[in-house]
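One file, final_26.cif, carrying mmCIF, C-alpha atoms:
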data_my_file
loop_
_atom_site.label_atom_id
_atom_site.label_comp_id
_atom_site.auth_asym_id
_atom_site.auth_seq_id
_atom_site.Cartn_x
_atom_site.Cartn_y
_atom_site.Cartn_z
CA MET D 13 181.11 206.25 334.12
CA GLU D 14 181.62 206.09 337.88
CA LYS D 15 179.08 204.29 340.02
CA VAL D 16 176.81 206.24 342.36
CA ALA D 17 176.09 204.93 345.87
CA ILE D 18 173.92 206.07 348.76
CA VAL D 19 174.91 204.98 352.26
CA THR D 20 172.29 205.65 354.93
CA GLY D 21 173.64 206.30 358.40
CA GLY D 22 176.93 207.06 356.69
CA SER D 23 178.48 209.53 359.12
CA ARG D 24 179.70 207.11 361.78
CA GLY D 25 180.44 203.50 362.67
CA ILE D 26 180.04 200.87 359.97
CA GLY D 27 178.41 203.38 357.63
CA ARG D 28 181.39 205.70 357.83
CA ALA D 29 183.81 202.85 357.08
CA ILE D 30 181.73 201.90 354.04
CA VAL D 31 181.65 205.51 352.79
CA GLU D 32 185.42 205.88 353.15
CA ASP D 33 186.19 202.58 351.45
CA LEU D 34 183.86 203.08 348.50
CA ALA D 35 184.93 206.69 347.97
CA ARG D 36 188.58 205.61 347.88
CA LYS D 37 187.64 203.05 345.24
CA GLY D 38 186.36 205.80 342.95
CA ILE D 39 182.64 205.44 343.62
CA LYS D 40 180.63 208.65 343.97
CA VAL D 41 179.18 208.36 347.47
CA ILE D 42 176.29 210.23 349.05
CA ALA D 43 176.60 209.82 352.82
CA ASN D 44 173.23 210.19 354.49
CA TYR D 45 172.98 211.39 358.07
CA ASN D 46 170.23 212.61 360.37
CA GLN D 47 171.50 213.91 363.71
CA SER D 48 175.28 213.57 363.27
CA GLU D 49 175.89 216.68 361.15
CA GLU D 50 179.30 217.48 362.64
CA LYS D 51 180.53 213.94 362.01
CA ALA D 52 179.22 214.02 358.46
CA LYS D 53 180.97 217.30 357.73
CA GLY D 54 184.15 216.01 359.38
CA LEU D 55 184.04 212.88 357.21
CA ARG D 56 183.70 214.97 354.07
CA GLU D 57 186.55 217.28 355.11
CA ASN D 58 188.87 214.38 355.95
CA LEU D 59 188.33 212.81 352.55
CA GLU D 60 188.85 216.15 350.81
CA LYS D 61 192.36 216.19 352.26
CA GLU D 62 192.97 213.09 350.11
CA ASN D 63 191.39 214.83 347.09
CA ILE D 64 188.38 212.54 347.43
CA PHE D 65 184.98 214.20 347.29
CA ILE D 66 181.68 212.91 348.64
CA ASP D 67 178.21 214.34 349.04
CA ILE D 68 176.43 214.46 352.39
CA PHE D 69 172.66 214.66 352.72
CA LYS D 70 170.56 215.16 355.85
CA ALA D 71 167.43 213.02 355.95
CA ASP D 72 165.52 211.00 358.50
CA VAL D 73 165.07 207.97 356.27
CA SER D 74 162.37 206.59 358.55
CA LYS D 75 160.17 209.38 357.14
CA ARG D 76 158.88 208.75 353.63
CA LYS D 77 159.12 212.34 352.37
CA GLU D 78 162.70 212.78 353.53
CA ALA D 79 163.77 209.47 352.00
CA LYS D 80 162.04 210.42 348.74
CA ASP D 81 163.65 213.88 348.72
CA MET D 82 167.09 212.32 349.13
CA ILE D 83 166.59 209.86 346.27
CA GLU D 84 165.25 212.61 343.99
CA TYR D 85 168.22 214.85 344.87
CA VAL D 86 170.67 212.12 343.85
CA ILE D 87 168.83 211.35 340.60
CA LYS D 88 168.64 215.03 339.68
CA LYS D 89 172.34 215.61 340.40
CA TYR D 90 173.89 212.35 339.16
CA GLY D 91 171.26 210.91 336.84
CA LYS D 92 171.27 207.45 338.41
CA ILE D 93 171.70 205.36 341.55
CA ASP D 94 173.70 202.15 341.16
CA ILE D 95 174.06 201.14 344.80
CA LEU D 96 171.94 201.52 347.93
CA ILE D 97 173.43 200.59 351.31
CA ASN D 98 170.74 200.51 354.00
CA ASN D 99 172.79 200.97 357.14
CA ALA D 100 170.87 203.45 359.32
CA GLY D 101 169.78 201.96 362.62
CA ILE D 102 169.59 202.23 366.39
CA ASN D 103 170.08 199.72 369.19
CA GLN D 104 167.95 199.21 372.26
CA GLU D 105 168.92 197.25 375.38
CA LYS D 106 165.82 196.54 377.47
CA MET D 107 164.15 193.63 379.18
CA PHE D 108 161.23 192.55 377.00
CA GLN D 109 158.63 193.32 379.67
CA ASP D 110 159.97 196.88 379.96
CA ILE D 111 159.62 197.74 376.26
CA THR D 112 156.90 200.34 375.75
CA ASP D 113 154.79 200.77 372.65
CA GLU D 114 156.78 203.92 371.91
CA ASP D 115 160.09 202.05 372.27
CA TRP D 116 158.93 199.31 369.93
CA ASP D 117 157.56 201.69 367.30
CA ASN D 118 160.74 203.80 367.33
CA VAL D 119 163.05 200.84 366.73
CA MET D 120 160.75 199.48 364.02
CA LYS D 121 160.63 202.85 362.24
CA VAL D 122 164.34 203.59 362.32
CA ASN D 123 165.62 200.07 361.64
CA LEU D 124 162.98 198.45 359.42
CA TYR D 125 160.62 201.05 358.00
CA SER D 126 163.60 203.11 356.81
CA VAL D 127 164.74 200.16 354.68
CA PHE D 128 161.24 199.87 353.25
CA CYS D 129 161.12 203.59 352.41
CA THR D 130 164.55 204.02 350.83
CA THR D 131 164.39 200.75 348.91
CA GLN D 132 160.91 201.39 347.55
CA GLU D 133 161.90 204.89 346.45
CA VAL D 134 165.07 203.72 344.69
CA ILE D 135 163.93 200.60 342.88
CA SER D 136 161.78 202.40 340.30
CA TYR D 137 164.98 203.99 339.00
CA MET D 138 166.97 200.76 339.21
CA ILE D 139 164.25 198.86 337.32
CA LYS D 140 164.43 201.42 334.50
CA GLN D 141 168.21 201.01 334.45
CA LYS D 142 167.87 197.21 334.48
CA ASN D 143 170.70 197.23 337.00
CA GLY D 144 171.21 197.79 340.70
CA CYS D 145 172.80 196.59 343.92
CA ILE D 146 171.05 196.85 347.28
CA ILE D 147 172.91 195.84 350.43
CA ASN D 148 171.16 195.80 353.79
CA ILE D 149 173.16 195.88 357.01
CA SER D 150 171.46 193.62 359.54
CA SER D 151 173.05 191.80 362.52
CA ILE D 152 173.81 188.38 363.95
CA TYR D 153 170.92 189.16 366.30
CA GLY D 154 168.66 188.78 363.28
CA ILE D 155 170.01 185.24 362.97
CA ASN D 156 170.20 184.01 366.56
CA GLY D 157 168.47 186.74 368.58
CA GLY D 158 169.83 188.78 371.43
CA SER D 159 168.81 188.75 375.07
CA CYS D 160 167.44 192.16 376.12
CA ALA D 161 167.37 193.17 372.45
CA VAL D 162 164.06 191.73 371.25
CA ALA D 163 162.92 194.76 369.26
CA TYR D 164 166.32 195.19 367.65
CA SER D 165 166.55 191.47 366.84
CA ALA D 166 163.07 191.51 365.31
CA THR D 167 163.98 194.38 362.99
CA LYS D 168 167.18 192.72 361.83
CA ALA D 169 165.41 189.41 361.18
CA GLY D 170 162.83 191.42 359.24
CA ILE D 171 165.56 193.00 357.13
CA ASP D 172 166.95 189.57 356.28
CA GLY D 173 163.49 188.33 355.30
CA MET D 174 162.94 191.40 353.15
CA THR D 175 166.32 190.81 351.51
CA LYS D 176 165.47 187.26 350.47
CA ALA D 177 162.01 188.13 349.17
CA LEU D 178 163.18 191.19 347.22
CA ALA D 179 166.04 189.25 345.65
CA LYS D 180 163.47 186.93 344.07
CA GLU D 181 161.20 189.77 343.01
CA LEU D 182 163.90 192.05 341.58
CA GLY D 183 166.23 189.45 340.08
CA PRO D 184 164.58 189.58 336.63
CA SER D 185 165.38 193.33 336.58
CA ASN D 186 169.07 192.55 337.21
CA ILE D 187 168.90 194.03 340.71
CA ARG D 188 170.85 192.13 343.35
CA VAL D 189 169.75 192.31 346.99
CA ASN D 190 171.91 190.97 349.81
CA SER D 191 172.28 191.39 353.54
CA ILE D 192 175.38 191.60 355.71
CA ALA D 193 174.93 190.52 359.34
CA PRO D 194 177.85 191.87 361.40
CA GLY D 195 178.90 190.32 364.68
CA CYS D 196 180.10 192.41 367.62
CA MET D 197 181.95 195.32 366.04
CA ASN D 198 184.13 198.10 367.42
CA THR D 199 181.65 200.91 366.69
CA ASP D 200 179.87 203.75 368.48
CA MET D 201 176.81 201.52 368.96
CA ASN D 202 178.84 199.22 371.22
CA ALA D 203 180.76 201.94 373.06
CA TYR D 204 178.84 201.13 376.25
CA LEU D 205 180.60 197.76 376.62
CA THR D 206 183.24 197.53 379.33
CA GLU D 207 186.76 196.21 378.79
CA GLU D 208 185.77 193.06 380.66
CA GLU D 209 182.79 192.54 378.34
CA TRP D 210 184.96 193.06 375.26
CA ASN D 211 187.40 190.44 376.56
CA GLU D 212 184.56 187.99 377.16
CA ILE D 213 183.37 188.45 373.57
CA LYS D 214 186.90 187.88 372.29
CA GLU D 215 187.13 184.65 374.27
CA GLU D 216 183.85 183.43 372.75
CA THR D 217 184.98 184.31 369.22
CA PRO D 218 187.06 181.66 367.40
CA LEU D 219 189.28 184.32 365.78
CA GLU D 220 189.74 185.90 369.24
CA LYS D 221 189.29 189.47 368.06
CA ILE D 222 186.67 192.17 367.56
CA GLY D 223 185.52 193.20 364.11
CA GLU D 224 186.12 196.65 362.63
CA GLY D 225 184.03 198.68 360.25
CA ILE D 226 186.47 198.00 357.42
CA ASP D 227 185.66 194.28 357.67
CA ILE D 228 182.08 195.05 356.68
CA ALA D 229 183.16 197.59 354.06
CA LYS D 230 185.28 194.95 352.31
CA CYS D 231 182.28 192.64 352.09
CA VAL D 232 180.20 195.50 350.67
CA GLU D 233 182.92 196.13 348.11
CA TRP D 234 182.84 192.48 347.03
CA LEU D 235 179.04 192.35 346.77
CA ILE D 236 179.08 195.42 344.52
CA GLU D 237 181.56 193.81 342.13
CA ASP D 238 180.06 190.30 342.16
CA ASN D 239 177.35 189.67 339.58
CA PHE D 240 175.96 186.30 340.69
CA THR D 241 175.19 186.69 344.39
CA THR D 242 171.71 187.68 345.51
CA GLY D 243 169.30 186.85 348.31
CA GLN D 244 172.10 185.99 350.72
CA VAL D 245 172.65 186.86 354.37
CA ILE D 246 176.41 186.97 354.89
CA SER D 247 177.49 187.06 358.52
CA ILE D 248 180.85 188.68 359.24
CA ASN D 249 181.43 187.78 362.86
CA GLY D 250 184.80 186.09 363.41
CA GLY D 251 183.08 182.75 363.94
CA LEU D 252 181.00 183.95 366.91
CA VAL D 253 177.92 182.57 365.16
CA ILE D 254 178.28 179.72 362.68
CA THR D 255 175.15 178.50 360.90
#
Before we go any further, please render this structure as structure tokens.
Amino acid sequence: MEKVAIVTGGSRGIGRAIVEDLARKGIKVIANYNQSEEKAKGLRENLEKENIFIDIFKADVSKRKEAKDMIEYVIKKYGKIDILINNAGINQEKMFQDITDEDWDNVMKVNLYSVFCTTQEVISYMIKQKNGCIINISSIYGINGGSCAVAYSATKAGIDGMTKALAKELGPSNIRVNSIAPGCMNTDMNAYLTEEEWNEIKEETPLEKIGEGIDIAKCVEWLIEDNFTTGQVISINGGLVIT
């Protein structure tokens, strides 16, 4: 029986690369989106040209009811959820003293509370199955912090902490929980960077190149297949950060 995976924030960037890779590997993928409906539909149509079929589902996963509705839809349609990829997130570039309460709350809700909601809604099913794989997409900023990205860094560090704690709690139920912390990737989130800034990042990176979404997707693919890795934060960053 084919595996069933949900990818939040699956219509663009790293999420899109993960959806495409897993779908091509024969996994039934539900690509979650919130505001990027056109991109989600375009993703589905592009894969259909290859005779590969995915589901798309609109939900603001930072809202409990919408996250719950999505999980229930998948269970009703497919009978199980094997894999949850928590990828939905937003960035915020602001000096710390300029961050408002509203700014802070928004980043916390979208980046951290969404992981809490979707994971809590899915694990009751995974515990019954005595099997599951949860992969959280964090960031190197969760490891070493980012100037002018305090709120974002805090959420990503929180995701990594949640990953480690949940791995211990859910291990006896045969549920593996891991985190992938990408470095600077060629995605929509970083589209604001200038060519000069990209070149500077390349110079600082030992492999002298920028990561692509597929680099993260390949790590996701491995974590799904591996049966003895849990509670880990794996940083895919070309050597930009070495811990």
Selection in question (the file shown): the PyMOL selection byres ((chain D and resi 142) around 9). Which residues does it include, as a PyMOL selection string? chain D and resi 137-141+143-144+184-187
Residues in the PyMOL selection byres ((chain D and resi 95) around 9), expressed as a PDB file with C-alpha atoms, keeping the file's coordinate frame:
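See out-v1.pdb below for the written result:
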ATOM      1  CA  LYS D  15     179.080 204.290 340.020  1.00  0.00           C
ATOM      2  CA  VAL D  16     176.810 206.240 342.360  1.00  0.00           C
ATOM      3  CA  ALA D  17     176.090 204.930 345.870  1.00  0.00           C
ATOM      4  CA  ILE D  18     173.920 206.070 348.760  1.00  0.00           C
ATOM      5  CA  VAL D  19     174.910 204.980 352.260  1.00  0.00           C
ATOM      6  CA  ILE D  93     171.700 205.360 341.550  1.00  0.00           C
ATOM      7  CA  ASP D  94     173.700 202.150 341.160  1.00  0.00           C
ATOM      8  CA  LEU D  96     171.940 201.520 347.930  1.00  0.00           C
ATOM      9  CA  ILE D  97     173.430 200.590 351.310  1.00  0.00           C
ATOM     10  CA  GLY D 144     171.210 197.790 340.700  1.00  0.00           C
ATOM     11  CA  CYS D 145     172.800 196.590 343.920  1.00  0.00           C
ATOM     12  CA  ILE D 146     171.050 196.850 347.280  1.00  0.00           C
ATOM     13  CA  ILE D 147     172.910 195.840 350.430  1.00  0.00           C
ATOM     14  CA  ILE D 236     179.080 195.420 344.520  1.00  0.00           C
TER      15      ILE D 236
END
Using all atoms listed in the file, find each residue in region 52-122 of chain D having at least one atom no more than 8 Å away from region 152-163 of chain D; report its shortest atom-to-atom pair and that distance in Å (one decimal), rows by chain then rising number, as JSON lines.
{"residue": "D:Asn103", "atom": "CA", "partner": "D:Ala161", "partner_atom": "CA", "distance": 7.8}
{"residue": "D:Gln104", "atom": "CA", "partner": "D:Ala161", "partner_atom": "CA", "distance": 6.1}
{"residue": "D:Glu105", "atom": "CA", "partner": "D:Ala161", "partner_atom": "CA", "distance": 5.3}
{"residue": "D:Lys106", "atom": "CA", "partner": "D:Cys160", "partner_atom": "CA", "distance": 4.9}
{"residue": "D:Met107", "atom": "CA", "partner": "D:Cys160", "partner_atom": "CA", "distance": 4.7}
{"residue": "D:Phe108", "atom": "CA", "partner": "D:Cys160", "partner_atom": "CA", "distance": 6.3}
{"residue": "D:Trp116", "atom": "CA", "partner": "D:Ala163", "partner_atom": "CA", "distance": 6.1}
{"residue": "D:Val119", "atom": "CA", "partner": "D:Ala163", "partner_atom": "CA", "distance": 6.6}
{"residue": "D:Met120", "atom": "CA", "partner": "D:Ala163", "partner_atom": "CA", "distance": 7.4}
Using the chain letters and residue numbers of this document, give as a list in words the residues selected by the PyMOL selection byres ((chain D and resi 74) around 6).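 On this input, the PyMOL selection byres ((chain D and resi 74) around 6) captures Asp72, Val73, Lys75, Lys121, Val122, Tyr125 and Ser126 of chain D.
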Would you mind listing what lies within 7 Å of region 36-46 of chain D as an MDAnalysis selection string, with only C-alpha atoms counted and same-chain residues fewer than 5 positions away left out? chainID D and resid 14:23 31 52 64 66:72
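Across the structure, CA of Thr167 (chain D) and CA of Asn123 (chain D) are spaced 6.1 Å apart.
Restricting the calculation to only C-alpha atoms, the smallest distance between Ala35 (chain D) and any of D:Ile111, D:Glu78, D:Glu233, D:Glu49 is found for D:Glu233.
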Which residue is closest to Asp200 (chain D)? Choose from D:Glu84, D:Glu114, D:Arg56, D:Ile102 and count all atoms listed in the file. D:Ile102
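Atom pair CA of Arg24 (chain D) / CA of Ser48 (chain D): separated by 8.0 Å.
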Taking only C-alpha atoms into account, name the residue in D:Thr255, D:Val232, D:Leu182, D:Gly54 that is nearest to Ser136 (chain D).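 Closest candidate: D:Leu182.
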Distance in Å - CA of Glu220 (chain D) versus CA of Met201 (chain D):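 Pair CA of Glu220 (chain D) / CA of Met201 (chain D) returns 20.3 Å.
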For Ile222 (chain D), which residue among D:Thr206, D:Asn239, D:Thr112, D:Asn198 is the nearest when counting only C-alpha atoms? D:Asn198
Once 5 Å is added on each side, what centre and edge lengths in Å to one decimal does the axis-aligned box around all listed atoms of region 247-251 of chain D have, as lines of an AutoDock Vina configuration file?
center_x = 181.1
center_y = 185.7
center_z = 361.2
size_x = 17.3
size_y = 15.9
size_z = 15.4
For Ser247 (chain D), the closest of D:Leu205, D:Met82, D:Ile228, D:Ala193 counting all atoms listed in the file is D:Ala193
Reconstruct N, CA and C atoms of region 34-69 of chain D from the incomplete input and present them as a PDB file, in the frame of the given file.
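The result, written out as selection.pdb:
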ATOM      1  N   LEU D  34     184.400 202.953 349.852  1.00  0.00           N
ATOM      2  CA  LEU D  34     183.860 203.080 348.500  1.00  0.00           C
ATOM      3  C   LEU D  34     184.365 204.338 347.804  1.00  0.00           C
ATOM      4  N   ALA D  35     184.451 205.434 348.553  1.00  0.00           N
ATOM      5  CA  ALA D  35     184.930 206.690 347.970  1.00  0.00           C
ATOM      6  C   ALA D  35     186.378 206.544 347.494  1.00  0.00           C
ATOM      7  N   ARG D  36     187.175 205.826 348.271  1.00  0.00           N
ATOM      8  CA  ARG D  36     188.580 205.610 347.880  1.00  0.00           C
ATOM      9  C   ARG D  36     188.703 204.681 346.683  1.00  0.00           C
ATOM     10  N   LYS D  37     187.638 203.937 346.406  1.00  0.00           N
ATOM     11  CA  LYS D  37     187.640 203.050 345.240  1.00  0.00           C
ATOM     12  C   LYS D  37     187.099 203.752 343.989  1.00  0.00           C
ATOM     13  N   GLY D  38     186.798 205.038 344.109  1.00  0.00           N
ATOM     14  CA  GLY D  38     186.360 205.800 342.950  1.00  0.00           C
ATOM     15  C   GLY D  38     184.863 205.830 342.731  1.00  0.00           C
ATOM     16  N   ILE D  39     184.093 205.383 343.713  1.00  0.00           N
ATOM     17  CA  ILE D  39     182.640 205.440 343.620  1.00  0.00           C
ATOM     18  C   ILE D  39     182.163 206.791 344.151  1.00  0.00           C
ATOM     19  N   LYS D  40     181.213 207.402 343.483  1.00  0.00           N
ATOM     20  CA  LYS D  40     180.630 208.650 343.970  1.00  0.00           C
ATOM     21  C   LYS D  40     179.651 208.312 345.078  1.00  0.00           C
ATOM     22  N   VAL D  41     179.958 208.755 346.293  1.00  0.00           N
ATOM     23  CA  VAL D  41     179.180 208.360 347.470  1.00  0.00           C
ATOM     24  C   VAL D  41     178.387 209.539 348.018  1.00  0.00           C
ATOM     25  N   ILE D  42     177.130 209.277 348.323  1.00  0.00           N
ATOM     26  CA  ILE D  42     176.290 210.230 349.050  1.00  0.00           C
ATOM     27  C   ILE D  42     176.104 209.652 350.447  1.00  0.00           C
ATOM     28  N   ALA D  43     176.684 210.297 351.436  1.00  0.00           N
ATOM     29  CA  ALA D  43     176.600 209.820 352.820  1.00  0.00           C
ATOM     30  C   ALA D  43     175.405 210.481 353.499  1.00  0.00           C
ATOM     31  N   ASN D  44     174.414 209.678 353.794  1.00  0.00           N
ATOM     32  CA  ASN D  44     173.230 210.190 354.490  1.00  0.00           C
ATOM     33  C   ASN D  44     173.493 210.259 355.994  1.00  0.00           C
ATOM     34  N   TYR D  45     172.932 211.279 356.616  1.00  0.00           N
ATOM     35  CA  TYR D  45     172.980 211.390 358.070  1.00  0.00           C
ATOM     36  C   TYR D  45     171.685 212.027 358.533  1.00  0.00           C
ATOM     37  N   ASN D  46     171.413 211.939 359.825  1.00  0.00           N
ATOM     38  CA  ASN D  46     170.230 212.610 360.370  1.00  0.00           C
ATOM     39  C   ASN D  46     170.632 213.584 361.472  1.00  0.00           C
ATOM     40  N   GLN D  47     171.147 213.051 362.583  1.00  0.00           N
ATOM     41  CA  GLN D  47     171.500 213.910 363.710  1.00  0.00           C
ATOM     42  C   GLN D  47     172.993 214.213 363.794  1.00  0.00           C
ATOM     43  N   SER D  48     173.825 213.445 363.113  1.00  0.00           N
ATOM     44  CA  SER D  48     175.280 213.570 363.270  1.00  0.00           C
ATOM     45  C   SER D  48     175.889 214.500 362.208  1.00  0.00           C
ATOM     46  N   GLU D  49     175.425 215.736 362.176  1.00  0.00           N
ATOM     47  CA  GLU D  49     175.890 216.680 361.150  1.00  0.00           C
ATOM     48  C   GLU D  49     177.388 216.959 361.254  1.00  0.00           C
ATOM     49  N   GLU D  50     177.878 217.170 362.459  1.00  0.00           N
ATOM     50  CA  GLU D  50     179.300 217.480 362.640  1.00  0.00           C
ATOM     51  C   GLU D  50     180.172 216.321 362.149  1.00  0.00           C
ATOM     52  N   LYS D  51     179.761 215.103 362.452  1.00  0.00           N
ATOM     53  CA  LYS D  51     180.530 213.940 362.010  1.00  0.00           C
ATOM     54  C   LYS D  51     180.485 213.790 360.494  1.00  0.00           C
ATOM     55  N   ALA D  52     179.334 214.101 359.914  1.00  0.00           N
ATOM     56  CA  ALA D  52     179.220 214.020 358.460  1.00  0.00           C
ATOM     57  C   ALA D  52     180.122 215.044 357.779  1.00  0.00           C
ATOM     58  N   LYS D  53     180.119 216.255 358.293  1.00  0.00           N
ATOM     59  CA  LYS D  53     180.970 217.300 357.730  1.00  0.00           C
ATOM     60  C   LYS D  53     182.456 216.963 357.933  1.00  0.00           C
ATOM     61  N   GLY D  54     182.771 216.411 359.103  1.00  0.00           N
ATOM     62  CA  GLY D  54     184.150 216.010 359.380  1.00  0.00           C
ATOM     63  C   GLY D  54     184.618 214.913 358.446  1.00  0.00           C
ATOM     64  N   LEU D  55     183.733 213.959 358.159  1.00  0.00           N
ATOM     65  CA  LEU D  55     184.040 212.880 357.210  1.00  0.00           C
ATOM     66  C   LEU D  55     184.341 213.456 355.836  1.00  0.00           C
ATOM     67  N   ARG D  56     183.503 214.356 355.390  1.00  0.00           N
ATOM     68  CA  ARG D  56     183.700 214.970 354.070  1.00  0.00           C
ATOM     69  C   ARG D  56     185.019 215.739 354.017  1.00  0.00           C
ATOM     70  N   GLU D  57     185.311 216.488 355.071  1.00  0.00           N
ATOM     71  CA  GLU D  57     186.550 217.280 355.110  1.00  0.00           C
ATOM     72  C   GLU D  57     187.783 216.389 355.134  1.00  0.00           C
ATOM     73  N   ASN D  58     187.723 215.302 355.889  1.00  0.00           N
ATOM     74  CA  ASN D  58     188.870 214.380 355.950  1.00  0.00           C
ATOM     75  C   ASN D  58     189.172 213.768 354.596  1.00  0.00           C
ATOM     76  N   LEU D  59     188.134 213.404 353.868  1.00  0.00           N
ATOM     77  CA  LEU D  59     188.330 212.810 352.550  1.00  0.00           C
ATOM     78  C   LEU D  59     188.821 213.854 351.538  1.00  0.00           C
ATOM     79  N   GLU D  60     188.390 215.089 351.715  1.00  0.00           N
ATOM     80  CA  GLU D  60     188.850 216.150 350.810  1.00  0.00           C
ATOM     81  C   GLU D  60     190.355 216.361 350.917  1.00  0.00           C
ATOM     82  N   LYS D  61     190.909 216.082 352.084  1.00  0.00           N
ATOM     83  CA  LYS D  61     192.360 216.190 352.260  1.00  0.00           C
ATOM     84  C   LYS D  61     193.098 215.176 351.388  1.00  0.00           C
ATOM     85  N   GLU D  62     192.394 214.108 351.002  1.00  0.00           N
ATOM     86  CA  GLU D  62     192.970 213.090 350.110  1.00  0.00           C
ATOM     87  C   GLU D  62     192.544 213.329 348.663  1.00  0.00           C
ATOM     88  N   ASN D  63     191.933 214.512 348.417  1.00  0.00           N
ATOM     89  CA  ASN D  63     191.390 214.830 347.090  1.00  0.00           C
ATOM     90  C   ASN D  63     190.296 213.844 346.671  1.00  0.00           C
ATOM     91  N   ILE D  64     189.522 213.413 347.663  1.00  0.00           N
ATOM     92  CA  ILE D  64     188.380 212.540 347.430  1.00  0.00           C
ATOM     93  C   ILE D  64     187.138 213.313 347.872  1.00  0.00           C
ATOM     94  N   PHE D  65     186.127 213.354 347.018  1.00  0.00           N
ATOM     95  CA  PHE D  65     184.980 214.200 347.290  1.00  0.00           C
ATOM     96  C   PHE D  65     183.695 213.378 347.361  1.00  0.00           C
ATOM     97  N   ILE D  66     182.970 213.583 348.441  1.00  0.00           N
ATOM     98  CA  ILE D  66     181.680 212.910 348.640  1.00  0.00           C
ATOM     99  C   ILE D  66     180.596 213.962 348.834  1.00  0.00           C
ATOM    100  N   ASP D  67     179.367 213.520 348.711  1.00  0.00           N
ATOM    101  CA  ASP D  67     178.210 214.340 349.040  1.00  0.00           C
ATOM    102  C   ASP D  67     177.711 213.914 350.410  1.00  0.00           C
ATOM    103  N   ILE D  68     177.137 214.840 351.161  1.00  0.00           N
ATOM    104  CA  ILE D  68     176.430 214.460 352.390  1.00  0.00           C
ATOM    105  C   ILE D  68     175.005 214.996 352.272  1.00  0.00           C
ATOM    106  N   PHE D  69     174.062 214.260 352.849  1.00  0.00           N
ATOM    107  CA  PHE D  69     172.660 214.660 352.720  1.00  0.00           C
ATOM    108  C   PHE D  69     171.927 214.327 354.008  1.00  0.00           C
TER     109      PHE D  69
END
